[in-house]
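Q: What follows is the file final33.txt, containing compact mmCIF, C-alpha atoms and all ligand atoms:
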```
# COMPACT_ATOMS: atom_id res chain seq x y z
CA MET A 1 -98.14 13.50 -64.45
CA ASN A 2 -99.07 10.71 -62.06
CA ILE A 3 -97.04 9.20 -59.27
CA ASP A 4 -95.69 6.37 -61.48
CA ASP A 5 -94.29 8.91 -63.97
CA VAL A 6 -92.54 10.74 -61.14
CA ARG A 7 -91.13 7.48 -59.83
CA GLY A 8 -89.87 6.67 -63.33
CA LEU A 9 -88.18 10.04 -63.64
CA LEU A 10 -86.48 9.87 -60.27
CA GLN A 11 -85.64 6.16 -60.59
CA LEU A 12 -86.30 5.82 -56.89
CA LYS A 13 -84.53 2.89 -55.32
CA VAL A 14 -85.78 1.40 -52.08
CA PRO A 15 -82.78 1.33 -49.74
CA ASP A 16 -81.75 -2.13 -48.51
CA LEU A 17 -82.84 -2.21 -44.88
CA ASP A 18 -80.23 -4.85 -44.05
CA GLY A 19 -77.28 -2.65 -42.99
CA ALA A 20 -74.63 -5.34 -43.38
CA ARG A 21 -75.76 -6.16 -46.92
CA ARG A 22 -75.97 -2.47 -47.80
CA ARG A 23 -72.44 -1.76 -46.59
CA LEU A 24 -71.08 -4.76 -48.49
CA ALA A 25 -72.94 -3.77 -51.66
CA ALA A 26 -71.23 -0.38 -51.45
CA CYS A 27 -67.81 -2.06 -51.70
CA VAL A 28 -66.76 -1.96 -55.34
CA THR A 29 -63.04 -2.65 -54.90
CA ILE A 30 -60.86 -4.79 -52.63
CA GLY A 31 -59.67 -1.48 -51.14
CA ASP A 32 -63.28 -0.75 -50.12
CA LEU A 33 -63.43 -4.13 -48.34
CA ARG A 34 -60.22 -3.21 -46.54
CA ARG A 35 -61.67 0.12 -45.39
CA LEU A 36 -64.84 -1.56 -44.14
CA ALA A 37 -62.73 -4.20 -42.35
CA ARG A 38 -60.80 -1.40 -40.66
CA ARG A 39 -64.03 0.13 -39.37
CA ARG A 40 -65.28 -3.18 -37.99
CA LEU A 41 -62.20 -4.77 -36.44
CA PRO A 42 -60.35 -3.72 -33.31
CA ARG A 43 -57.19 -1.94 -34.31
CA SER A 44 -54.83 -4.69 -33.15
CA VAL A 45 -56.75 -7.36 -35.10
CA PHE A 46 -56.90 -5.20 -38.23
CA ASP A 47 -53.16 -4.58 -37.96
CA TYR A 48 -52.47 -8.30 -37.47
CA VAL A 49 -54.09 -8.94 -40.86
CA ASP A 50 -52.95 -5.80 -42.64
CA GLY A 51 -49.39 -5.45 -41.38
CA GLY A 52 -46.04 -6.74 -42.59
CA ALA A 53 -42.57 -7.37 -41.21
CA ASP A 54 -40.13 -4.72 -40.02
CA GLU A 55 -40.41 -1.57 -42.19
CA GLU A 56 -43.05 -3.12 -44.47
CA ILE A 57 -40.86 -2.56 -47.54
CA ALA A 58 -41.78 -5.99 -48.93
CA LEU A 59 -45.47 -5.42 -48.18
CA ARG A 60 -45.55 -2.19 -50.20
CA GLY A 61 -43.17 -3.59 -52.83
CA ASN A 62 -45.46 -6.57 -53.50
CA VAL A 63 -48.37 -4.33 -54.45
CA ALA A 64 -46.19 -1.90 -56.43
CA ALA A 65 -44.57 -4.73 -58.42
CA PHE A 66 -47.89 -5.71 -60.00
CA ARG A 67 -48.66 -2.11 -60.85
CA LYS A 68 -45.49 -1.41 -62.78
CA TRP A 69 -46.78 -3.52 -65.69
CA ARG A 70 -48.71 -1.95 -68.56
CA PHE A 71 -50.99 -3.85 -70.92
CA ARG A 72 -50.78 -3.93 -74.71
CA PRO A 73 -54.26 -5.09 -75.79
CA SER A 74 -55.24 -6.45 -79.16
CA VAL A 75 -58.49 -5.11 -80.60
CA LEU A 76 -61.48 -6.38 -82.61
CA ALA A 77 -61.01 -9.86 -81.20
CA ASP A 78 -64.64 -10.93 -80.46
CA VAL A 79 -64.56 -11.03 -76.71
CA ALA A 80 -68.30 -11.61 -76.29
CA SER A 81 -67.57 -14.42 -73.89
CA ALA A 82 -64.54 -14.88 -71.69
CA ASP A 83 -64.00 -18.20 -69.93
CA LEU A 84 -62.09 -18.11 -66.65
CA ARG A 85 -62.08 -21.87 -66.13
CA THR A 86 -58.72 -23.55 -65.86
CA SER A 87 -57.02 -26.53 -64.32
CA VAL A 88 -54.86 -26.23 -61.20
CA LEU A 89 -52.67 -29.23 -60.36
CA GLY A 90 -54.95 -31.55 -62.27
CA ARG A 91 -58.34 -30.34 -61.04
CA GLU A 92 -60.73 -28.01 -62.82
CA ALA A 93 -61.08 -24.59 -61.18
CA GLY A 94 -63.67 -21.87 -61.79
CA ALA A 95 -60.90 -19.29 -62.10
CA PRO A 96 -57.09 -19.16 -61.83
CA LEU A 97 -57.42 -18.04 -58.21
CA GLY A 98 -57.05 -19.61 -54.77
CA PHE A 99 -57.35 -18.67 -51.11
CA ALA A 100 -53.93 -18.85 -49.45
CA PRO A 101 -53.47 -20.25 -45.93
CA THR A 102 -53.92 -17.80 -43.07
CA GLY A 103 -53.48 -18.54 -39.39
CA TYR A 104 -56.01 -17.62 -36.73
CA THR A 105 -58.86 -16.87 -39.13
CA ARG A 106 -61.54 -17.12 -36.42
CA MET A 107 -60.08 -14.03 -34.79
CA VAL A 108 -61.31 -12.03 -37.80
CA ASP A 109 -64.79 -13.56 -37.54
CA PRO A 110 -65.82 -16.57 -35.44
CA ILE A 111 -67.29 -18.29 -38.50
CA GLY A 112 -63.66 -18.60 -39.59
CA GLU A 113 -62.15 -21.16 -41.94
CA PRO A 114 -65.35 -23.11 -42.82
CA ALA A 115 -66.93 -19.89 -44.15
CA VAL A 116 -63.85 -19.12 -46.24
CA ALA A 117 -63.73 -22.67 -47.60
CA ALA A 118 -67.46 -22.54 -48.42
CA ALA A 119 -66.89 -19.33 -50.41
CA ALA A 120 -63.99 -21.03 -52.22
CA ALA A 121 -66.26 -24.00 -53.02
CA ARG A 122 -68.88 -21.61 -54.41
CA ALA A 123 -66.29 -20.02 -56.72
CA GLY A 124 -64.84 -23.44 -57.57
CA ILE A 125 -61.35 -22.47 -56.41
CA PRO A 126 -58.85 -24.10 -54.00
CA TYR A 127 -58.68 -23.26 -50.32
CA VAL A 128 -55.50 -23.92 -48.35
CA LEU A 129 -56.00 -24.63 -44.65
CA SER A 130 -53.11 -23.39 -42.49
CA THR A 131 -51.26 -25.45 -39.90
CA MET A 132 -52.02 -22.46 -37.66
CA ALA A 133 -55.76 -22.64 -38.37
CA THR A 134 -58.44 -22.25 -35.73
CA THR A 135 -60.43 -25.09 -37.32
CA SER A 136 -59.04 -28.62 -37.37
CA LEU A 137 -58.35 -30.52 -40.57
CA GLU A 138 -61.14 -32.95 -39.74
CA GLU A 139 -63.70 -30.28 -38.75
CA LEU A 140 -63.14 -28.37 -41.99
CA ALA A 141 -63.58 -31.53 -44.05
CA ARG A 142 -66.92 -32.24 -42.34
CA GLY A 143 -68.25 -28.67 -42.41
CA PRO A 144 -69.84 -26.35 -44.98
CA GLY A 145 -66.51 -25.86 -46.78
CA GLY A 146 -65.82 -29.58 -47.01
CA GLY A 147 -66.71 -29.62 -50.71
CA ALA A 148 -63.96 -27.17 -51.66
CA ASP A 149 -60.77 -28.26 -53.36
CA ARG A 150 -59.05 -28.57 -49.96
CA TRP A 151 -55.28 -28.19 -49.64
CA PHE A 152 -53.24 -28.23 -46.43
CA GLN A 153 -50.27 -25.99 -45.62
CA LEU A 154 -47.64 -27.66 -43.48
CA TYR A 155 -44.93 -26.23 -41.29
CA ILE A 156 -42.21 -28.71 -40.42
CA TRP A 157 -42.07 -28.86 -36.64
CA LYS A 158 -39.17 -29.62 -34.34
CA ASP A 159 -41.29 -32.60 -33.33
CA ARG A 160 -41.06 -34.70 -36.49
CA ALA A 161 -43.57 -37.22 -35.14
CA LEU A 162 -46.15 -34.41 -34.93
CA THR A 163 -45.24 -33.38 -38.48
CA ARG A 164 -45.78 -36.93 -39.77
CA GLU A 165 -49.03 -37.17 -37.83
CA MET A 166 -50.34 -33.98 -39.51
CA ILE A 167 -49.44 -35.31 -42.95
CA ALA A 168 -51.31 -38.55 -42.19
CA ARG A 169 -54.35 -36.62 -40.90
CA ALA A 170 -54.40 -34.47 -44.06
CA ALA A 171 -54.29 -37.59 -46.25
CA GLU A 172 -56.97 -39.36 -44.22
CA SER A 173 -59.29 -36.32 -44.34
CA GLY A 174 -59.09 -36.07 -48.12
CA TYR A 175 -56.82 -33.03 -48.59
CA ARG A 176 -55.64 -33.11 -52.18
CA VAL A 177 -52.50 -30.97 -52.12
CA LEU A 178 -49.86 -30.45 -49.43
CA GLU A 179 -48.08 -27.11 -49.41
CA VAL A 180 -44.88 -27.04 -47.38
CA ALA A 181 -44.17 -23.46 -46.31
CA VAL A 182 -40.43 -22.80 -46.27
CA ASP A 183 -40.40 -19.07 -45.54
CA THR A 184 -40.75 -19.45 -41.78
CA PRO A 185 -37.64 -21.03 -40.22
CA VAL A 186 -38.26 -18.37 -37.57
CA SER A 187 -41.15 -15.99 -37.14
CA GLY A 188 -40.97 -12.58 -38.88
CA TYR A 189 -40.89 -9.39 -36.80
CA ARG A 190 -44.33 -7.80 -37.20
CA THR A 191 -43.73 -4.26 -36.03
CA ARG A 192 -47.39 -3.28 -35.74
CA ASP A 193 -48.15 -6.32 -33.58
CA VAL A 194 -45.25 -5.51 -31.28
CA ARG A 195 -46.34 -1.87 -30.95
CA ASN A 196 -49.96 -2.89 -30.32
CA GLY A 197 -48.93 -5.41 -27.68
CA PHE A 198 -50.81 -7.93 -29.82
CA THR A 199 -50.86 -11.51 -28.57
CA VAL A 200 -52.56 -14.70 -29.65
CA PRO A 201 -54.83 -15.45 -27.91
CA PRO A 202 -55.72 -11.76 -27.35
CA SER A 203 -54.88 -10.54 -23.87
CA VAL A 204 -56.98 -8.01 -22.00
CA THR A 205 -54.72 -4.96 -22.09
CA PHE A 206 -55.83 -1.38 -21.46
CA GLY A 207 -55.91 -0.89 -25.25
CA ALA A 208 -58.13 -3.97 -25.65
CA LEU A 209 -60.55 -2.56 -23.09
CA LEU A 210 -60.76 0.68 -25.08
CA ASP A 211 -61.38 -1.43 -28.17
CA ILE A 212 -64.30 -3.17 -26.50
CA GLY A 213 -65.92 0.26 -26.22
CA SER A 214 -65.30 1.22 -29.84
CA ARG A 215 -66.09 -2.15 -31.46
CA PRO A 216 -68.85 -3.61 -29.29
CA ARG A 217 -70.33 -5.75 -32.07
CA TYR A 218 -66.99 -7.46 -32.71
CA TRP A 219 -66.42 -8.23 -29.04
CA ARG A 220 -70.00 -9.42 -28.51
CA ARG A 221 -69.55 -11.95 -31.31
CA MET A 222 -66.12 -13.04 -30.13
CA LEU A 223 -67.13 -13.42 -26.51
CA GLY A 224 -70.18 -15.46 -27.53
CA ALA A 225 -68.08 -17.84 -29.67
CA PRO A 226 -66.01 -20.86 -28.54
CA ALA A 227 -62.50 -19.96 -27.33
CA LEU A 228 -59.92 -19.47 -30.06
CA ARG A 229 -57.35 -22.21 -30.33
CA PHE A 230 -54.75 -23.55 -32.73
CA ALA A 231 -56.89 -26.50 -33.69
CA ASN A 232 -54.25 -28.58 -35.49
CA VAL A 233 -51.40 -28.44 -33.02
CA GLY A 234 -50.79 -28.94 -29.32
CA GLY A 235 -52.88 -32.11 -29.16
CA GLY A 236 -55.93 -30.09 -30.14
CA SER A 237 -55.82 -27.94 -27.02
CA GLY A 238 -53.94 -25.13 -28.75
CA GLY A 239 -51.53 -22.80 -26.99
CA SER A 240 -50.15 -19.27 -27.25
CA ILE A 241 -48.64 -18.12 -30.54
CA ALA A 242 -45.26 -17.75 -28.83
CA SER A 243 -45.31 -21.34 -27.60
CA ILE A 244 -46.42 -22.58 -31.01
CA THR A 245 -44.00 -20.59 -33.19
CA ASP A 246 -41.24 -21.77 -30.87
CA GLN A 247 -41.92 -25.17 -32.40
CA PHE A 248 -40.94 -23.96 -35.93
CA ASP A 249 -37.72 -25.74 -36.74
CA PRO A 250 -34.97 -23.42 -38.02
CA SER A 251 -32.81 -26.44 -38.89
CA VAL A 252 -35.13 -27.74 -41.65
CA THR A 253 -33.27 -28.78 -44.83
CA TRP A 254 -33.88 -30.34 -48.23
CA SER A 255 -33.65 -33.79 -46.71
CA ASP A 256 -36.77 -33.03 -44.64
CA LEU A 257 -38.55 -32.14 -47.85
CA SER A 258 -37.51 -35.48 -49.35
CA GLN A 259 -38.99 -37.22 -46.33
CA VAL A 260 -42.27 -35.37 -46.76
CA ARG A 261 -42.28 -36.36 -50.43
CA ALA A 262 -41.76 -39.99 -49.46
CA VAL A 263 -44.82 -40.11 -47.19
CA TRP A 264 -47.29 -37.71 -48.84
CA PRO A 265 -49.31 -39.54 -51.48
CA GLY A 266 -50.84 -36.49 -53.22
CA LYS A 267 -49.58 -33.40 -55.02
CA LEU A 268 -46.79 -31.55 -53.24
CA VAL A 269 -46.12 -27.80 -53.48
CA LEU A 270 -43.30 -25.74 -51.99
CA LYS A 271 -44.41 -22.29 -50.73
CA GLY A 272 -41.97 -19.45 -50.22
CA PRO A 273 -39.69 -16.86 -51.84
CA ILE A 274 -38.15 -19.53 -54.06
CA GLY A 275 -35.56 -18.51 -56.66
CA PRO A 276 -34.79 -20.37 -59.91
CA ALA A 277 -32.01 -22.57 -58.47
CA ASP A 278 -34.09 -23.69 -55.47
CA ALA A 279 -37.08 -24.29 -57.75
CA VAL A 280 -35.01 -26.64 -59.93
CA ARG A 281 -33.79 -28.46 -56.82
CA ALA A 282 -37.37 -28.85 -55.60
CA MET A 283 -38.42 -30.29 -58.96
CA ASP A 284 -35.56 -32.78 -58.78
CA LEU A 285 -36.95 -33.94 -55.43
CA GLY A 286 -40.34 -34.70 -56.95
CA VAL A 287 -42.25 -31.56 -55.98
CA ASP A 288 -45.26 -30.92 -58.27
CA GLY A 289 -45.48 -27.15 -58.01
CA ILE A 290 -43.91 -23.96 -56.69
CA HIS A 291 -46.02 -21.40 -54.80
CA LEU A 292 -44.03 -18.18 -55.03
CA SER A 293 -44.74 -16.14 -51.91
CA ASN A 294 -43.07 -13.86 -49.42
CA HIS A 295 -45.92 -14.48 -46.98
CA GLY A 296 -47.48 -11.18 -48.04
CA GLY A 297 -44.42 -9.28 -46.77
CA ARG A 298 -44.78 -10.73 -43.27
CA GLN A 299 -41.53 -12.69 -43.02
CA LEU A 300 -38.23 -11.43 -44.48
CA ASP A 301 -38.66 -7.73 -45.23
CA ARG A 302 -37.05 -6.41 -48.45
CA THR A 303 -37.56 -9.72 -50.28
CA VAL A 304 -38.00 -9.63 -54.04
CA PRO A 305 -41.71 -9.34 -54.87
CA PRO A 306 -42.83 -12.89 -55.76
CA ILE A 307 -44.41 -11.66 -59.00
CA ASP A 308 -40.88 -10.77 -60.16
CA LEU A 309 -39.83 -14.40 -59.62
CA VAL A 310 -42.48 -15.87 -61.92
CA ALA A 311 -40.66 -15.38 -65.24
CA PRO A 312 -37.19 -16.49 -64.03
CA VAL A 313 -38.59 -19.54 -62.23
CA ARG A 314 -40.67 -20.47 -65.29
CA ALA A 315 -37.55 -20.16 -67.46
CA ALA A 316 -35.65 -22.42 -65.04
CA ILE A 317 -38.20 -25.23 -64.58
CA GLY A 318 -39.82 -25.28 -68.01
CA ALA A 319 -43.37 -25.06 -69.26
CA SER A 320 -45.13 -27.92 -67.49
CA PRO A 321 -44.63 -27.67 -63.68
CA THR A 322 -47.24 -25.64 -61.85
CA ILE A 323 -46.32 -22.15 -60.68
CA LEU A 324 -48.60 -20.35 -58.23
CA VAL A 325 -47.97 -16.84 -56.96
CA ASP A 326 -49.30 -14.66 -54.16
CA SER A 327 -48.36 -11.53 -52.20
CA GLY A 328 -49.88 -8.26 -53.35
CA ILE A 329 -52.96 -9.35 -55.34
CA ARG A 330 -55.51 -6.55 -54.94
CA HIS A 331 -57.26 -6.56 -58.35
CA GLY A 332 -58.19 -9.01 -61.08
CA ALA A 333 -55.69 -7.25 -63.36
CA ASP A 334 -52.96 -8.52 -61.00
CA ILE A 335 -54.10 -12.08 -61.72
CA ALA A 336 -54.00 -11.39 -65.46
CA THR A 337 -50.45 -10.06 -65.08
CA ALA A 338 -49.37 -13.13 -63.09
CA LEU A 339 -50.70 -15.48 -65.77
CA ALA A 340 -49.25 -13.44 -68.61
CA LEU A 341 -45.84 -13.75 -66.91
CA GLY A 342 -46.11 -17.54 -66.73
CA ALA A 343 -48.02 -18.44 -63.54
CA ASP A 344 -50.83 -21.02 -63.58
CA ALA A 345 -52.87 -19.35 -60.83
CA ALA A 346 -52.70 -16.54 -58.29
CA PHE A 347 -53.57 -16.76 -54.61
CA THR A 348 -54.72 -14.16 -52.13
CA GLY A 349 -54.64 -13.87 -48.35
CA ARG A 350 -55.63 -10.40 -47.19
CA ALA A 351 -58.32 -9.80 -49.83
CA TYR A 352 -60.51 -12.59 -48.45
CA LEU A 353 -59.67 -11.77 -44.82
CA TRP A 354 -60.78 -8.17 -45.37
CA GLY A 355 -63.94 -9.58 -46.98
CA LEU A 356 -64.49 -11.86 -43.97
CA ALA A 357 -64.14 -8.92 -41.59
CA ALA A 358 -66.34 -6.71 -43.75
CA GLY A 359 -69.24 -9.10 -44.16
CA GLY A 360 -68.58 -12.66 -42.94
CA HIS A 361 -69.19 -15.41 -45.51
CA ALA A 362 -70.89 -12.93 -47.88
CA GLY A 363 -67.80 -10.71 -47.63
CA VAL A 364 -65.51 -13.55 -48.70
CA VAL A 365 -67.86 -14.32 -51.60
CA LYS A 366 -67.69 -10.62 -52.48
CA ALA A 367 -63.87 -10.64 -52.50
CA ALA A 368 -63.84 -13.61 -54.89
CA ASP A 369 -66.54 -12.02 -57.07
CA LEU A 370 -64.66 -8.71 -57.28
CA LEU A 371 -61.39 -10.38 -58.28
CA THR A 372 -62.97 -12.69 -60.86
CA THR A 373 -65.19 -9.96 -62.35
CA GLN A 374 -62.18 -7.68 -62.65
CA LEU A 375 -60.17 -10.49 -64.24
CA ARG A 376 -62.91 -11.20 -66.77
CA ARG A 377 -63.21 -7.53 -67.75
CA THR A 378 -59.42 -7.18 -67.96
CA MET A 379 -59.22 -10.18 -70.29
CA GLN A 380 -62.00 -8.86 -72.52
CA LEU A 381 -60.40 -5.44 -72.76
CA LEU A 382 -57.09 -7.14 -73.56
CA GLY A 383 -58.73 -9.06 -76.42
CA VAL A 384 -58.41 -12.44 -74.69
CA THR A 385 -61.20 -14.98 -74.10
CA SER A 386 -59.60 -17.92 -72.30
CA ILE A 387 -56.96 -18.70 -69.70
CA PRO A 388 -54.83 -20.80 -72.10
CA GLN A 389 -54.86 -17.85 -74.54
CA LEU A 390 -53.88 -15.41 -71.78
CA ARG A 391 -50.95 -17.64 -70.84
CA ARG A 392 -49.89 -18.29 -74.43
CA GLU A 393 -50.03 -14.67 -75.58
CA GLY A 394 -48.89 -13.23 -72.23
CA PRO A 395 -45.46 -11.95 -73.32
CA ASP A 396 -47.06 -9.91 -76.13
CA LEU A 397 -49.69 -8.45 -73.82
CA LEU A 398 -47.32 -6.93 -71.27
CA ASP A 399 -44.95 -4.03 -71.36
CA ALA A 400 -42.83 -3.17 -68.28
CA SER A 401 -42.73 0.62 -68.08
C1 LIG B 1 -53.17 -12.75 -41.31
C2 LIG B 1 -52.33 -13.65 -42.15
C3 LIG B 1 -51.95 -14.89 -41.66
C4 LIG B 1 -51.18 -15.75 -42.44
N1 LIG B 1 -50.87 -17.00 -41.97
C5 LIG B 1 -50.19 -17.87 -42.76
C6 LIG B 1 -49.96 -19.21 -42.33
O1 LIG B 1 -50.39 -19.63 -41.26
N2 LIG B 1 -49.25 -20.02 -43.15
C7 LIG B 1 -48.78 -19.60 -44.38
O2 LIG B 1 -48.14 -20.38 -45.10
N3 LIG B 1 -48.99 -18.34 -44.80
C8 LIG B 1 -49.70 -17.48 -44.03
N4 LIG B 1 -49.95 -16.21 -44.48
C9 LIG B 1 -49.48 -15.82 -45.82
C10 LIG B 1 -50.53 -16.12 -46.89
O3 LIG B 1 -50.63 -17.51 -47.12
C11 LIG B 1 -50.18 -15.47 -48.23
O4 LIG B 1 -48.89 -15.90 -48.61
C12 LIG B 1 -50.23 -13.95 -48.18
O5 LIG B 1 -51.34 -13.50 -47.44
C13 LIG B 1 -50.32 -13.41 -49.60
O6 LIG B 1 -50.22 -12.03 -49.62
P1 LIG B 1 -51.49 -11.04 -49.69
O7 LIG B 1 -52.02 -11.00 -48.28
O8 LIG B 1 -50.90 -9.77 -50.14
O9 LIG B 1 -52.50 -11.64 -50.63
C14 LIG B 1 -50.73 -15.34 -43.71
C15 LIG B 1 -51.10 -14.08 -44.20
C16 LIG B 1 -51.89 -13.24 -43.45
C17 LIG B 1 -52.31 -11.90 -44.01
```
Give the structure from this file in structure tokens form.
Ligand SMILES: Cc1cc2nc3c(=O)[nH]c(=O)nc-3n(C[C@H](O)[C@H](O)[C@H](O)COP(=O)(O)O)c2cc1C

A:
Amino acid sequence: MNIDDVRGLLQLKVPDLDGARRRLAACVTIGDLRRLARRRLPRSVFDYVDGGADEEIALRGNVAAFRKWRFRPSVLADVASADLRTSVLGREAGAPLGFAPTGYTRMVDPIGEPAVAAAAARAGIPYVLSTMATTSLEELARGPGGGADRWFQLYIWKDRALTREMIARAAESGYRVLEVAVDTPVSGYRTRDVRNGFTVPPSVTFGALLDIGSRPRYWRRMLGAPALRFANVGGGSGGSIASITDQFDPSVTWSDLSQVRAVWPGKLVLKGPIGPADAVRAMDLGVDGIHLSNHGGRQLDRTVPPIDLVAPVRAAIGASPTILVDSGIRHGADIATALALGADAAFTGRAYLWGLAAGGHAGVVKAADLLTTQLRRTMQLLGVTSIPQLRREGPDLLDAS
């Protein structure tokens, strides 16, 4: 037996000498990305991403609500190829998936929003830039993620002139869809952040100093990067999260939404825990789509899981308006469930943020790859080969146990 035979028997694999790539390659689920993110981020930053409001009942409920569904596959259906392509609000997408808006993304990794948008562009899926982003509307449009299907999430501010200015900037910079978030008349109470003494921008507390010792790589990168700032508000100079969230207007009403509709030339989506009656009202005002969300359990605790709103909202607004859903997506099977219940696409927040923390741009790509690969396999095992078929046959494919 020569050395080649031995090698063949042992199937020796040369280990990848790039540690970051090796660690990412070892992540085979979104949960693995979360665990790697936890190892790499300071505790307070991990908790900012991971945590929910108050007792985190909504946060846990969101995930559990997807998992209560059981599939009823059909067999012998020739699933040799499964096509994930679909259309979301009139534009072709590589999969029925999108990256939801998240504030302060550069705190997770200084490459921030442009890296997330670039990963979205690679997967051919929409990316929603947050009002609370650490990259400006204009900078994102010019950067490596500029080619993504770019949407902008708007909060309506007490200062209506600032609100109108943001809408105009989004239109001028080529954002295709405006999502008005209506789940934040006031800021939710994030218990973990309060306990951790977490502030934006981060303050140098005793705990933060301990963190510097345990996560030196994170702090080296952060301290070498430009200062974090809310790039879309405060005249570009940013401000503390307290001073910014103080600008959320708790007196916003439907008439404000009408005014947004009157000035925004593109597609308009309402994002929040929207029930059937409110969804109908939004449609009457000329909204193009409903993004069902409880902010990933970060605003009103104990809200109904958004996935449970899909079927009643679909029944109320009919077959054609777009329904998007997020909050609790951790697996491609969750996306299949959302579509089978009547949604057009599912969005995720934490999955890509954990990916970003775990491996930067490559980690976000990995999160999208995991979710789409899982979705494709789920469809094939269900006996389904296209998104229209999944949506059409959805009611027969699901069984609530
Ligand atoms: C760290 C973090 C920051 C967020 N910031 C915003 C925001 O600025 N605007 C917004 O509309 N939603 C925000 N969200 C909510 C997301 O858009 C999305 O609704 C939520 O993450 C979906 O739940 P999931 O994390 O379980 O996927 C944020 C979520 C997280 C985790």

Q: Tell me, in Å to one decimal, how far CA of Ser130 (chain A) is from CA of Leu257 (chain A).

A: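 Distance between the two atoms: 17.8 Å.
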
Q: Residues of chain A that have any atom at most 6 Å from an atom of ligand LIG 1 (chain B): could you tabulate them with the shortest-distance atom pair and the distance in Å to one decimal, using all atoms listed in the file, ordered by chain and increasing number, as a tab-separated table?

A:
```
residue	atom	partner	partner_atom	distance
A:Tyr48	CA	B:LIG1	C1	5.9
A:Val49	CA	B:LIG1	C1	3.9
A:Ala100	CA	B:LIG1	O3	4.3
A:Pro101	CA	B:LIG1	O3	4.1
A:Thr102	CA	B:LIG1	N1	3.3
A:Gly103	CA	B:LIG1	O1	3.8
A:Ser130	CA	B:LIG1	O1	4.8
A:Met132	CA	B:LIG1	O1	4.9
A:Ala181	CA	B:LIG1	O2	5.2
A:Ser293	CA	B:LIG1	O4	5.3
A:His295	CA	B:LIG1	O4	3.7
A:Gly296	CA	B:LIG1	O6	3.3
A:Asp326	CA	B:LIG1	C13	4.8
A:Ser327	CA	B:LIG1	O6	3.2
A:Gly328	CA	B:LIG1	O8	3.7
A:Ile329	CA	B:LIG1	O9	5.3
A:Thr348	CA	B:LIG1	O9	3.7
A:Gly349	CA	B:LIG1	O5	3.4
A:Arg350	CA	B:LIG1	O7	3.8
```

Q: Every residue with an atom at most 10 Å from (-66.6, -16.6, -30.5) (file coordinates; only C-alpha atoms) is what I'm after, so could you write them as number ranges by chain?

A: A: 106-107, 109-112, 218-228

Q: Hey, what's within 8 Å of region 244-251 of chain A if we count only C-alpha atoms and toss same-chain stuff fewer than 2 positions away? As number ranges by chain, please?

A: A: 155-159, 184-187, 233-234, 239-242, 253

Q: I'd like the interatomic distance between CA of Leu129 (chain A) and CA of Gln153 (chain A), to a tenth of an Å.

A: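 The value is 6.0 Å.
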
Q: Using only C-alpha atoms, which protein or nucleic acid residues come within 10 Å of region 16-26 of chain A? Drop anything in the same chain fewer than 2 positions from it, and give the result as a ChimeraX atom specification.

A: /A:13-14,28-29,32-33,36,355,358-360,362-363,366

Q: Measure the distance from CA of Leu341 (chain A) to CA of Val304 (chain A) in Å and round it to one decimal.

A: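 Going from CA of Leu341 (chain A) over to CA of Val304 (chain A) covers 15.6 Å.
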
Q: Quick one: residues within 8 Å of region 318-322 of chain A, all atoms listed in the file, excluding same-chain residues fewer than 4 positions away - as a PyMOL selection string?

A: chain A and resi 88-89+288-290+314+343-344

Q: Neighbouring residues of Leu154 (chain A) were defined as those with any atom within 8 Å, considering all atoms listed in the file; residues of the same chain fewer than 5 positions away were excluded. Please report them as an MDAnalysis selection string.

A: chainID A and resid 130:131 163 166:167 178:181

Q: Rank nothing, just name the residue among A:Leu76, A:Ile317, A:Leu140, A:Val108 nearest to Val128 (chain A), using all atoms listed in the file.

A: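 With all atoms listed in the file as the atom set, the closest residue is A:Leu140.
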
Q: Residues proximal to (-58.6, -4.2, -23.4) were defined as those with any atom within 12 Å of that point in the file's coordinates, counting all atoms listed in the file. Which are they, as a PyMOL selection string?

A: chain A and resi 42-44+196-199+202-216+219

Q: Determine the nearest neighbour of Arg376 (chain A) from the options A:Val252, A:Ala336, A:Ala77, A:Leu397, counting only C-alpha atoms.

A: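 Counting only C-alpha atoms, the residue closest to Arg376 (chain A) is A:Ala336.
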
Q: At a cut-off of 9 Å, using all atoms listed in the file, what residues contact Arg176 (chain A)? Leave out same-chain residues fewer than 4 positions from it and give the result as a PyMOL selection string.

A: chain A and resi 149-152+170-171+266-267

Q: Considering all atoms listed in the file, state which residue in the set A:Val365, A:Leu370, A:Val313, A:Asp396 is at the smallest distance from Cys27 (chain A).

A: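 Closest residue, counting all atoms listed in the file: A:Leu370.
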